Amino acid sequence: MNFTQAVQTCFSKYADFNGTASRPEFWWFFLFCWVASMLINFFGGNFASSIFSLATLVPSLAVGARRLHDTDRSGWLQLLWFVPLIGWILLIVWLAQEGKANRYGAATEAVPT
């Protein structure tokens, strides 16, 4: 999945918390949100950046939940973002892991045997 496909997929599944999301889908969308937020903040100010962040909050949570599903974890574990350092480290590690067969649907990446 390339950058454009990932961003389109995340916006087309705006509030779809079911199923799975591949690593490229999640990380390309994360990169899009981060870069866009930085550019909007630089050129448009904090208010415009805040509006963009609010507009992308639901798709970000949805793709995060689908990414955690791909690693056979509950999307509710995103609440660990509220636990400084330890929660952040755990989530980054889990979000970077390869997908595996799970109860949420087929893994989006090949599972080595």
# chains A, B, ... in the order shown; residues from 1 in each chain; ligands from 1

$ closest_atom_pairs --of "segment 9-54 of chain A" --to "segment 95-108 of chain A" --cutoff "8 Å" --atoms "only C-alpha atoms" --output "JSON lines"
{"residue": "A:Asn18", "atom": "CA", "partner": "A:Tyr104", "partner_atom": "CA", "distance": 7.4}
{"residue": "A:Gly19", "atom": "CA", "partner": "A:Tyr104", "partner_atom": "CA", "distance": 5.6}
{"residue": "A:Thr20", "atom": "CA", "partner": "A:Gly105", "partner_atom": "CA", "distance": 6.6}
{"residue": "A:Ala21", "atom": "CA", "partner": "A:Thr108", "partner_atom": "CA", "distance": 6.6}
{"residue": "A:Ser22", "atom": "CA", "partner": "A:Thr108", "partner_atom": "CA", "distance": 5.3}
{"residue": "A:Arg23", "atom": "CA", "partner": "A:Ala96", "partner_atom": "CA", "distance": 6.7}

$ write_last_selection --atoms "all heavy atoms" --output "PDB file, in the first residue's frame"
ATOM      1  N   ASN A  18     -14.012  -1.685  12.756  1.00  0.00           N
ATOM      2  CA  ASN A  18     -14.012  -3.132  12.578  1.00  0.00           C
ATOM      3  C   ASN A  18     -12.977  -3.532  11.541  1.00  0.00           C
ATOM      4  O   ASN A  18     -12.652  -2.765  10.641  1.00  0.00           O
ATOM      5  CB  ASN A  18     -15.396  -3.615  12.128  1.00  0.00           C
ATOM      6  CG  ASN A  18     -16.441  -3.323  13.174  1.00  0.00           C
ATOM      7  OD1 ASN A  18     -16.226  -3.536  14.348  1.00  0.00           O
ATOM      8  ND2 ASN A  18     -17.569  -2.792  12.740  1.00  0.00           N
ATOM      9  N   GLY A  19     -12.495  -4.747  11.664  1.00  0.00           N
ATOM     10  CA  GLY A  19     -11.533  -5.257  10.697  1.00  0.00           C
ATOM     11  C   GLY A  19     -10.099  -4.945  11.110  1.00  0.00           C
ATOM     12  O   GLY A  19      -9.818  -4.691  12.287  1.00  0.00           O
ATOM     13  N   THR A  20      -9.215  -4.977  10.130  1.00  0.00           N
ATOM     14  CA  THR A  20      -7.796  -4.784  10.406  1.00  0.00           C
ATOM     15  C   THR A  20      -7.201  -3.750   9.458  1.00  0.00           C
ATOM     16  O   THR A  20      -7.780  -3.441   8.421  1.00  0.00           O
ATOM     17  CB  THR A  20      -7.025  -6.105  10.241  1.00  0.00           C
ATOM     18  OG1 THR A  20      -7.178  -6.560   8.897  1.00  0.00           O
ATOM     19  CG2 THR A  20      -7.516  -7.170  11.208  1.00  0.00           C
ATOM     20  N   ALA A  21      -6.041  -3.226   9.848  1.00  0.00           N
ATOM     21  CA  ALA A  21      -5.293  -2.283   9.012  1.00  0.00           C
ATOM     22  C   ALA A  21      -3.831  -2.729   8.995  1.00  0.00           C
ATOM     23  O   ALA A  21      -3.269  -3.096  10.029  1.00  0.00           O
ATOM     24  CB  ALA A  21      -5.393  -0.866   9.563  1.00  0.00           C
ATOM     25  N   SER A  22      -3.232  -2.693   7.836  1.00  0.00           N
ATOM     26  CA  SER A  22      -1.832  -3.108   7.703  1.00  0.00           C
ATOM     27  C   SER A  22      -0.906  -2.046   8.295  1.00  0.00           C
ATOM     28  O   SER A  22      -1.305  -0.903   8.536  1.00  0.00           O
ATOM     29  CB  SER A  22      -1.492  -3.321   6.230  1.00  0.00           C
ATOM     30  OG  SER A  22      -1.577  -2.092   5.536  1.00  0.00           O
ATOM     31  N   ARG A  23       0.329  -2.443   8.510  1.00  0.00           N
ATOM     32  CA  ARG A  23       1.319  -1.487   9.006  1.00  0.00           C
ATOM     33  C   ARG A  23       1.466  -0.289   8.081  1.00  0.00           C
ATOM     34  O   ARG A  23       1.456   0.852   8.547  1.00  0.00           O
ATOM     35  CB  ARG A  23       2.678  -2.161   9.219  1.00  0.00           C
ATOM     36  CG  ARG A  23       2.755  -2.927  10.511  1.00  0.00           C
ATOM     37  CD  ARG A  23       4.151  -3.404  10.773  1.00  0.00           C
ATOM     38  NE  ARG A  23       4.511  -4.450   9.818  1.00  0.00           N
ATOM     39  CZ  ARG A  23       5.622  -5.161   9.886  1.00  0.00           C
ATOM     40  NH1 ARG A  23       6.492  -4.935  10.839  1.00  0.00           N
ATOM     41  NH2 ARG A  23       5.877  -6.100   9.006  1.00  0.00           N
TER      42      ARG A  23
END

$ residues_around --residues "Phe11 of chain A" --least-positions-apart "4" --cutoff "10 Å" --atoms "only C-alpha atoms" --output "list in words"
Gln5, Ala6, Val7, Ala15, Asp16, Phe29, Thr56, Val58, Pro59, Ser60, Ala62 and Val63 of chain A

$ residues_around --residues "Gln78 of chain A" --least-positions-apart "5" --cutoff "8 Å" --atoms "only C-alpha atoms" --output "list in words"
Leu61, Gly64, Ala65 and Leu91 of chain A
